[in-house]
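As stored in data.csv (CSV, C-alpha atoms and all ligand atoms):
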chain,number,residue,atom,x,y,z
A,1,MET,CA,0.0,0.0,0.0
A,2,LYS,CA,1.1,3.5,-0.8
A,3,ASN,CA,1.8,5.9,2.0
A,4,ILE,CA,2.7,9.5,1.9
A,5,LYS,CA,4.7,9.2,5.1
A,6,SER,CA,7.3,7.0,3.4
A,7,VAL,CA,7.8,9.4,0.6
A,8,GLU,CA,11.4,10.8,0.4
A,9,LEU,CA,11.1,12.9,-2.8
A,10,PHE,CA,8.2,15.2,-3.7
A,11,VAL,CA,8.0,16.0,-7.3
A,12,PHE,CA,5.8,19.0,-8.0
A,13,ASP,CA,4.1,20.3,-11.1
A,14,LEU,CA,4.4,24.1,-11.3
A,15,ASP,CA,1.5,26.0,-12.9
A,16,GLY,CA,-1.8,25.3,-11.1
A,17,THR,CA,0.1,23.5,-8.3
A,18,VAL,CA,2.7,25.8,-6.8
A,19,TYR,CA,1.7,29.0,-8.5
A,20,ILE,CA,-0.8,30.4,-11.0
A,21,GLY,CA,0.7,32.9,-13.4
A,22,ASP,CA,2.8,35.2,-11.1
A,23,ASP,CA,0.9,34.4,-7.9
A,24,GLU,CA,1.9,31.8,-5.3
A,25,ILE,CA,-0.9,29.4,-4.5
A,26,ASP,CA,-1.7,30.2,-0.9
A,27,GLY,CA,0.7,28.6,1.5
A,28,SER,CA,2.6,26.4,-1.1
A,29,PHE,CA,6.0,28.0,-0.5
A,30,ASP,CA,5.8,27.5,3.3
A,31,ALA,CA,4.6,23.9,2.8
A,32,ILE,CA,7.6,23.2,0.5
A,33,ASN,CA,10.0,24.7,3.0
A,34,SER,CA,8.4,22.6,5.8
A,35,LEU,CA,8.9,19.4,3.7
A,36,ARG,CA,12.6,20.4,3.3
A,37,GLN,CA,12.8,20.8,7.1
A,38,MET,CA,11.4,17.3,7.5
A,39,GLY,CA,14.3,16.1,5.4
A,40,LYS,CA,12.3,15.5,2.2
A,41,ARG,CA,13.8,16.2,-1.2
A,42,ILE,CA,12.1,18.4,-3.7
A,43,CYS,CA,11.9,18.5,-7.5
A,44,PHE,CA,9.8,20.7,-9.8
A,45,PHE,CA,9.0,18.9,-13.0
A,46,THR,CA,7.4,20.8,-15.9
A,47,ASN,CA,6.5,19.6,-19.4
A,48,ASN,CA,7.1,23.1,-20.8
A,49,SER,CA,10.2,22.7,-23.0
A,50,SER,CA,10.1,26.3,-24.2
A,51,ARG,CA,12.2,27.5,-21.2
A,52,MET,CA,15.6,26.4,-19.9
A,53,HIS,CA,15.7,24.9,-16.4
A,54,THR,CA,17.6,27.9,-15.2
A,55,ASP,CA,14.6,30.1,-16.2
A,56,TYR,CA,12.5,28.2,-13.7
A,57,ILE,CA,15.2,28.6,-11.0
A,58,ALA,CA,15.1,32.3,-11.5
A,59,ARG,CA,11.3,32.5,-11.7
A,60,LEU,CA,10.8,30.6,-8.4
A,61,ASN,CA,13.5,32.5,-6.6
A,62,LYS,CA,12.0,35.8,-7.8
A,63,LEU,CA,8.5,34.7,-6.7
A,64,GLY,CA,9.9,34.1,-3.2
A,65,LEU,CA,10.6,30.4,-3.0
A,66,ARG,CA,14.3,29.6,-2.5
A,67,THR,CA,15.1,27.1,-5.3
A,68,TYR,CA,18.3,25.2,-5.9
A,69,SER,CA,19.8,24.4,-9.2
A,70,ASP,CA,19.2,20.6,-9.1
A,71,GLU,CA,15.6,20.9,-8.1
A,72,ILE,CA,14.2,21.7,-11.5
A,73,TYR,CA,13.5,19.1,-14.2
A,74,THR,CA,12.0,20.0,-17.6
A,75,SER,CA,10.9,17.8,-20.4
A,76,GLY,CA,13.7,19.4,-22.4
A,77,GLN,CA,16.3,18.1,-19.9
A,78,VAL,CA,14.7,14.6,-19.9
A,79,THR,CA,15.1,14.7,-23.7
A,80,CYS,CA,18.7,15.8,-23.6
A,81,GLU,CA,19.6,13.0,-21.1
A,82,TYR,CA,17.7,10.4,-23.2
A,83,ILE,CA,19.7,11.5,-26.3
A,84,LEU,CA,23.0,11.4,-24.5
A,85,ASP,CA,22.2,7.9,-23.3
A,86,ASN,CA,20.8,6.5,-26.6
A,87,TYR,CA,22.2,8.7,-29.4
A,88,ARG,CA,25.5,10.1,-28.0
A,89,GLY,CA,27.4,12.0,-30.7
A,90,LYS,CA,24.5,12.2,-33.0
A,91,LYS,CA,23.4,15.5,-34.6
A,92,VAL,CA,19.9,16.7,-33.8
A,93,PHE,CA,17.4,18.7,-35.9
A,94,LEU,CA,15.5,20.6,-33.2
A,95,LEU,CA,12.1,22.2,-33.6
A,96,GLY,CA,12.5,24.5,-30.6
A,97,ASN,CA,13.0,28.1,-29.5
A,98,GLU,CA,16.2,29.8,-28.4
A,99,ARG,CA,15.9,28.6,-24.8
A,100,LEU,CA,15.4,25.0,-25.8
A,101,ARG,CA,18.4,25.2,-28.2
A,102,ALA,CA,20.4,26.7,-25.4
A,103,GLU,CA,19.5,23.8,-23.1
A,104,PHE,CA,20.6,21.3,-25.7
A,105,GLU,CA,23.9,23.2,-26.2
A,106,LEU,CA,24.4,23.2,-22.4
A,107,TYR,CA,24.2,19.4,-22.5
A,108,GLY,CA,26.8,19.3,-25.3
A,109,ILE,CA,24.4,18.1,-27.9
A,110,GLU,CA,25.2,19.1,-31.5
A,111,LEU,CA,22.4,20.7,-33.4
A,112,SER,CA,22.2,20.5,-37.2
A,113,ASP,CA,19.6,21.9,-39.5
A,114,ASP,CA,21.0,20.4,-42.7
A,115,ASP,CA,22.6,17.1,-41.8
A,116,PRO,CA,20.9,15.6,-38.7
A,117,ASP,CA,20.8,12.0,-37.5
A,118,ILE,CA,17.7,12.4,-35.4
A,119,CYS,CA,14.9,14.9,-35.0
A,120,VAL,CA,13.2,16.4,-31.9
A,121,ILE,CA,10.0,18.3,-31.6
A,122,GLY,CA,9.8,20.7,-28.7
A,123,PHE,CA,7.5,23.5,-27.7
A,124,ASP,CA,8.6,26.0,-30.3
A,125,THR,CA,7.3,29.4,-29.6
A,126,SER,CA,9.3,30.8,-32.5
A,127,LEU,CA,8.0,28.3,-35.0
A,128,THR,CA,8.2,29.1,-38.7
A,129,TYR,CA,6.5,27.2,-41.6
A,130,GLU,CA,9.9,26.6,-43.1
A,131,ARG,CA,11.2,24.7,-40.0
A,132,LEU,CA,7.9,22.8,-39.6
A,133,TYR,CA,8.2,21.6,-43.2
A,134,LYS,CA,11.9,20.7,-42.6
A,135,LEU,CA,10.8,18.5,-39.6
A,136,CYS,CA,8.2,16.8,-41.9
A,137,LYS,CA,11.0,16.0,-44.4
A,138,TYR,CA,13.2,14.4,-41.8
A,139,VAL,CA,10.3,12.5,-40.3
A,140,ASN,CA,9.2,11.4,-43.7
A,141,ALA,CA,12.8,10.2,-44.5
A,142,GLY,CA,12.6,7.9,-41.4
A,143,LEU,CA,15.0,9.6,-38.9
A,144,PRO,CA,14.4,8.7,-35.3
A,145,TYR,CA,11.7,11.1,-34.1
A,146,ILE,CA,11.5,12.2,-30.4
A,147,ALA,CA,9.0,14.6,-28.7
A,148,THR,CA,9.8,16.4,-25.5
A,149,HIS,CA,6.2,16.1,-24.1
A,150,PRO,CA,2.7,15.4,-25.4
A,151,ASP,CA,0.5,18.4,-24.4
A,152,PHE,CA,-1.9,19.7,-27.0
A,153,PHE,CA,-2.1,23.2,-25.6
A,154,CYS,CA,-0.5,25.4,-23.0
A,155,PRO,CA,-2.8,27.3,-20.6
A,156,ALA,CA,-2.6,31.1,-21.1
A,157,PRO,CA,-4.8,34.0,-20.1
A,158,GLY,CA,-7.6,34.6,-22.5
A,159,CYS,CA,-6.8,31.8,-24.9
A,160,PRO,CA,-4.7,28.6,-24.7
A,161,MET,CA,-1.5,28.5,-26.8
A,162,PRO,CA,-1.1,25.6,-29.4
A,163,ASP,CA,1.6,23.3,-27.8
A,164,ILE,CA,3.6,20.5,-29.3
A,165,GLY,CA,0.8,17.9,-29.4
A,166,ALA,CA,-1.1,20.1,-32.0
A,167,LEU,CA,2.0,20.2,-34.1
A,168,MET,CA,2.6,16.5,-33.8
A,169,GLU,CA,-0.8,16.0,-35.3
A,170,ALA,CA,0.1,18.3,-38.2
A,171,VAL,CA,3.2,16.2,-38.9
A,172,ARG,CA,1.2,13.0,-38.6
A,173,LEU,CA,-1.5,14.2,-41.0
A,174,THR,CA,1.2,15.3,-43.4
A,175,VAL,CA,3.6,12.4,-43.4
A,176,GLY,CA,1.8,9.7,-41.4
A,177,ARG,CA,4.2,9.3,-38.5
A,178,SER,CA,3.9,10.0,-34.8
A,179,PRO,CA,7.0,10.3,-32.5
A,180,ASP,CA,8.8,7.1,-31.7
A,181,ILE,CA,9.0,8.1,-28.1
A,182,ILE,CA,7.6,11.0,-26.0
A,183,MET,CA,9.3,12.4,-22.9
A,184,GLY,CA,7.6,14.4,-20.2
A,185,LYS,CA,4.5,13.5,-18.2
A,186,PRO,CA,2.7,11.1,-18.3
A,187,HIS,CA,5.3,8.9,-20.0
A,188,LYS,CA,7.5,6.8,-17.9
A,189,THR,CA,11.0,7.8,-19.1
A,190,ALA,CA,11.3,10.8,-16.8
A,191,GLY,CA,10.1,8.7,-13.8
A,192,GLU,CA,12.7,6.0,-14.4
A,193,ARG,CA,15.3,8.8,-14.5
A,194,LEU,CA,14.1,10.4,-11.3
A,195,ALA,CA,14.1,7.0,-9.4
A,196,LYS,CA,17.7,6.4,-10.6
A,197,LYS,CA,19.0,9.9,-10.0
A,198,TYR,CA,17.8,9.9,-6.4
A,199,ASN,CA,18.3,6.2,-5.8
A,200,LEU,CA,14.8,5.7,-4.5
A,201,HIS,CA,12.1,3.0,-4.9
A,202,PRO,CA,9.1,4.4,-6.9
A,203,ARG,CA,7.0,4.1,-3.7
A,204,GLN,CA,9.4,6.6,-2.0
A,205,ILE,CA,8.5,9.2,-4.6
A,206,ALA,CA,5.3,11.3,-4.8
A,207,MET,CA,4.0,13.2,-7.9
A,208,VAL,CA,1.9,16.2,-6.9
A,209,GLY,CA,0.0,18.1,-9.6
A,210,ASP,CA,-3.3,19.6,-10.7
A,211,ARG,CA,-3.9,17.6,-14.0
A,212,LEU,CA,-5.3,14.1,-14.0
A,213,TYR,CA,-4.1,13.0,-17.4
A,214,THR,CA,-0.5,14.3,-17.1
A,215,ASP,CA,0.5,14.6,-13.4
A,216,VAL,CA,-1.6,11.9,-11.8
A,217,ALA,CA,-1.3,9.6,-14.7
A,218,PHE,CA,2.5,10.1,-14.6
A,219,GLY,CA,2.5,9.1,-10.9
A,220,LYS,CA,0.5,6.0,-11.7
A,221,ASN,CA,2.5,5.0,-14.7
A,222,CYS,CA,5.7,5.2,-12.7
A,223,GLY,CA,4.4,3.5,-9.5
A,224,PHE,CA,4.8,6.7,-7.5
A,225,VAL,CA,2.4,8.0,-4.8
A,226,SER,CA,0.0,10.3,-6.7
A,227,VAL,CA,-1.4,13.4,-5.2
A,228,LEU,CA,-4.0,15.5,-7.0
A,229,VAL,CA,-4.4,19.2,-5.8
A,230,LEU,CA,-7.6,21.0,-6.6
A,231,SER,CA,-5.9,24.4,-7.0
A,232,GLY,CA,-5.6,24.3,-10.8
A,233,GLU,CA,-7.3,22.6,-13.7
A,234,THR,CA,-9.2,19.8,-12.0
A,235,ASP,CA,-12.3,20.2,-9.9
A,236,LYS,CA,-14.3,17.6,-7.9
A,237,GLU,CA,-16.7,16.9,-10.7
A,238,MET,CA,-13.9,16.2,-13.3
A,239,LEU,CA,-12.3,13.9,-10.7
A,240,SER,CA,-15.5,11.9,-10.2
A,241,ARG,CA,-15.9,11.4,-13.9
A,242,SER,CA,-12.3,10.4,-14.5
A,243,LYS,CA,-11.0,6.8,-14.6
A,244,ILE,CA,-7.7,8.1,-13.3
A,245,LYS,CA,-7.9,8.0,-9.5
A,246,PRO,CA,-5.1,9.6,-7.4
A,247,ASP,CA,-3.9,8.1,-4.2
A,248,TYR,CA,-4.6,11.4,-2.4
A,249,VAL,CA,-6.8,14.4,-3.2
A,250,LEU,CA,-5.9,17.7,-1.4
A,251,ASP,CA,-7.2,21.2,-1.9
A,252,LYS,CA,-3.7,22.6,-2.0
A,253,VAL,CA,0.0,21.9,-1.6
A,254,LYS,CA,-0.1,23.5,1.8
A,255,ASP,CA,-2.1,20.5,3.1
A,256,ILE,CA,0.8,18.1,2.5
A,257,PRO,CA,2.8,18.5,5.8
A,258,ALA,CA,-0.3,18.0,7.9
A,259,LEU,CA,-1.2,14.9,6.0
A,260,ILE,CA,2.2,13.4,6.6
A,261,LYS,CA,2.0,14.2,10.3
A,262,GLU,CA,-1.5,12.7,10.5
A,263,GLU,CA,-0.2,9.4,8.9
A,264,GLN,CA,2.8,9.3,11.2
A,265,GLU,CA,0.7,9.7,14.3
A,266,ALA,CA,-1.9,7.1,13.2
A,301,MG,MG,-0.3,22.2,-13.8
Take the structure in the file and write it out as structure tokens.
Amino acid sequence: MKNIKSVELFVFDLDGTVYIGDDEIDGSFDAINSLRQMGKRICFFTNNSSRMHTDYIARLNKLGLRTYSDEIYTSGQVTCEYILDNYRGKKVFLLGNERLRAEFELYGIELSDDDPDICVIGFDTSLTYERLYKLCKYVNAGLPYIATHPDFFCPAPGCPMPDIGALMEAVRLTVGRSPDIIMGKPHKTAGERLAKKYNLHPRQIAMVGDRLYTDVAFGKNCGFVSVLVLSGETDKEMLSRSKIKPDYVLDKVKDIPALIKEEQEA
């Protein structure tokens, strides 16, 4: 049976879980600091591959939560690690913006627009038709094809932004291929990497997030303790209709320390 009291590493989604836009979700920073004081390790894991992990360190520190350099994990980083392990020395055609390109370069991965060995689709907020067509050509030619994450859209004030999933559909409708592998939540690759990196059993890891089909599904797929918070996308009605059932449902991240104490005293 899964218990939150035996969790050593808490993996948090960001938007809708820790903050919304530029606002902390009431009490989440204090709760995360309390978990640190209890000796728990913290990781923030986002599917957004349009920013470098360092951008998130700066963002959280600016918002008021002290954040350390190894506490951020993005789907872009998962992709870089996967490429280093499976395609070391290979050249990558990357559909991604400047920040994702910089992340790949930081990992020492060579990018090539004209002579790649593999192709990667990321959340490209600087997308041009020319580069989308180039990706189609490489996918059509049969190059290994990797996606950083699967989201169809990215929440934004007023109107959602088309994310990578919408473009993967465009590629599929054009040349008839979907990615060979997808990184990011809810797929298992990142979870296996987290368990290895922290040397923990999956039951010692909790995934905390506001989306059932990415955060909670990721926790379930990886064998982690799954915690749904109702501070973002999911409400009680969506939860009751969903087949994806989290191990714990809380209003907010701030309720986690009390839940652990409750279980320890039971
Ligand atoms: Mg979220």
- Message: So that I can see what lies close to A:Thr128, please list as a PyMOL selection string the residues with an atom at most 12 Å from it, counting only C-alpha atoms and leaving out residues fewer than 4 positions away in the same chain.
- Response: chain A and resi 95-97+124+132-135+167
For the interface of chain A with ligand MG 301 (chain A) (cut-off 6 Å, counting only C-alpha atoms and all ligand atoms), please tabulate each contacting residue of chain A alongside its nearest pair of atoms and their separation in Å to one decimal, rows sorted by chain and increasing number, as JSON lines.
{"residue": "A:Asp13", "atom": "CA", "partner": "A:MG301", "partner_atom": "MG", "distance": 5.5}
{"residue": "A:Leu14", "atom": "CA", "partner": "A:MG301", "partner_atom": "MG", "distance": 5.7}
{"residue": "A:Asp15", "atom": "CA", "partner": "A:MG301", "partner_atom": "MG", "distance": 4.3}
{"residue": "A:Gly16", "atom": "CA", "partner": "A:MG301", "partner_atom": "MG", "distance": 4.4}
{"residue": "A:Thr17", "atom": "CA", "partner": "A:MG301", "partner_atom": "MG", "distance": 5.7}
{"residue": "A:Gly209", "atom": "CA", "partner": "A:MG301", "partner_atom": "MG", "distance": 5.9}
{"residue": "A:Asp210", "atom": "CA", "partner": "A:MG301", "partner_atom": "MG", "distance": 5.0}
{"residue": "A:Arg211", "atom": "CA", "partner": "A:MG301", "partner_atom": "MG", "distance": 5.8}
- Between A:Val18, A:Leu35, A:Ile83, A:Val11, single out the one closest to A:Glu71, counting all atoms listed in the file.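 Once distances to A:Glu71 are computed over all atoms listed in the file, the minimum belongs to A:Val11.
The closest residue to A:Lys90, picked from A:Asp117, A:His187, A:Asn3, A:Phe153 and counting only C-alpha atoms, is A:Asp117.
Of note, atom CA of A:Ser69 and atom CA of A:Gly223 are spaced 26.0 Å apart.
Across the structure, atom CA of A:Arg241 and atom CA of A:Pro162 are spaced 25.7 Å apart.
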- Message: as a PyMOL selection string, please: the residues near A:Ala217 (cut-off 9 Å, all atoms listed in the file, same-chain neighbours under 3 positions excluded).
- Response: chain A and resi 185-187+211-214+220-222+226+244-246
Per-residue nearest contacts of stretch 38-61 of chain A to stretch 99-105 of chain A (12 Å; all atoms listed in the file) as CSV:
residue,atom,partner,partner_atom,distance
A:Asn48,CA,A:Leu100,CA,9.9
A:Ser49,CA,A:Leu100,CA,6.3
A:Ser50,CA,A:Leu100,CA,5.7
A:Arg51,CA,A:Arg99,CA,5.3
A:Met52,CA,A:Arg99,CA,5.4
A:His53,CA,A:Glu103,CA,7.8
A:Thr54,CA,A:Glu103,CA,9.1
A:Asp55,CA,A:Arg99,CA,8.8
A:Tyr56,CA,A:Arg99,CA,11.6
- Query: By how many Å are atom CA of A:Val92 and atom CA of A:Lys197 apart?
  - Reply: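 Separation of atom CA of A:Val92 and atom CA of A:Lys197: 24.8 Å.
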- Can you work out which one of A:Phe218, A:Leu173, A:Ile118, A:Leu94 has the shortest atom-to-atom distance to A:Pro202, counting all atoms listed in the file? A:Phe218
- So which residues touch A:Glu263 within 9 Å, counting only C-alpha atoms, skipping near sequence neighbours fewer than 5 positions away, as a VMD selection string? chain A and resid 3 to 5 258
- Excluding A:Glu81 and any residue of its chain fewer than 3 positions from it, enumerate the residues within 12 Å of it, using all atoms listed in the file, and give them as a PyMOL selection string. chain A and resi 73-78+84-88+103-104+106-109+148+183+189-190+192-194+197
- Message: If we count all atoms listed in the file and set the cut-off at 9 Å, which residues sit around A:Leu9, ignoring sequence neighbours fewer than 4 positions away in its own chain? Please answer as a list of chain:residue names.
- Response: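 Using all atoms listed in the file, the neighbours found are A:Lys40, A:Arg41, A:Ile42, A:Cys43, A:Tyr198, A:Leu200, A:Gln204, A:Ile205, A:Ala206, A:Met207.
Among the candidate residues A:Pro150, A:Gly39, A:Pro157, A:Gly142, the one lying nearest to A:Glu169 is A:Pro150, with distances computed using only C-alpha atoms.
If you measure from each of A:Leu127, A:Ala170, A:Val216, A:Ile181 to A:Pro144 using all atoms listed in the file, the closest one turns out to be A:Ile181.
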- Can you work out which one of A:Val227, A:Glu98, A:Arg203, A:Gly184 has the shortest atom-to-atom distance to A:Ile256, counting only C-alpha atoms? A:Val227
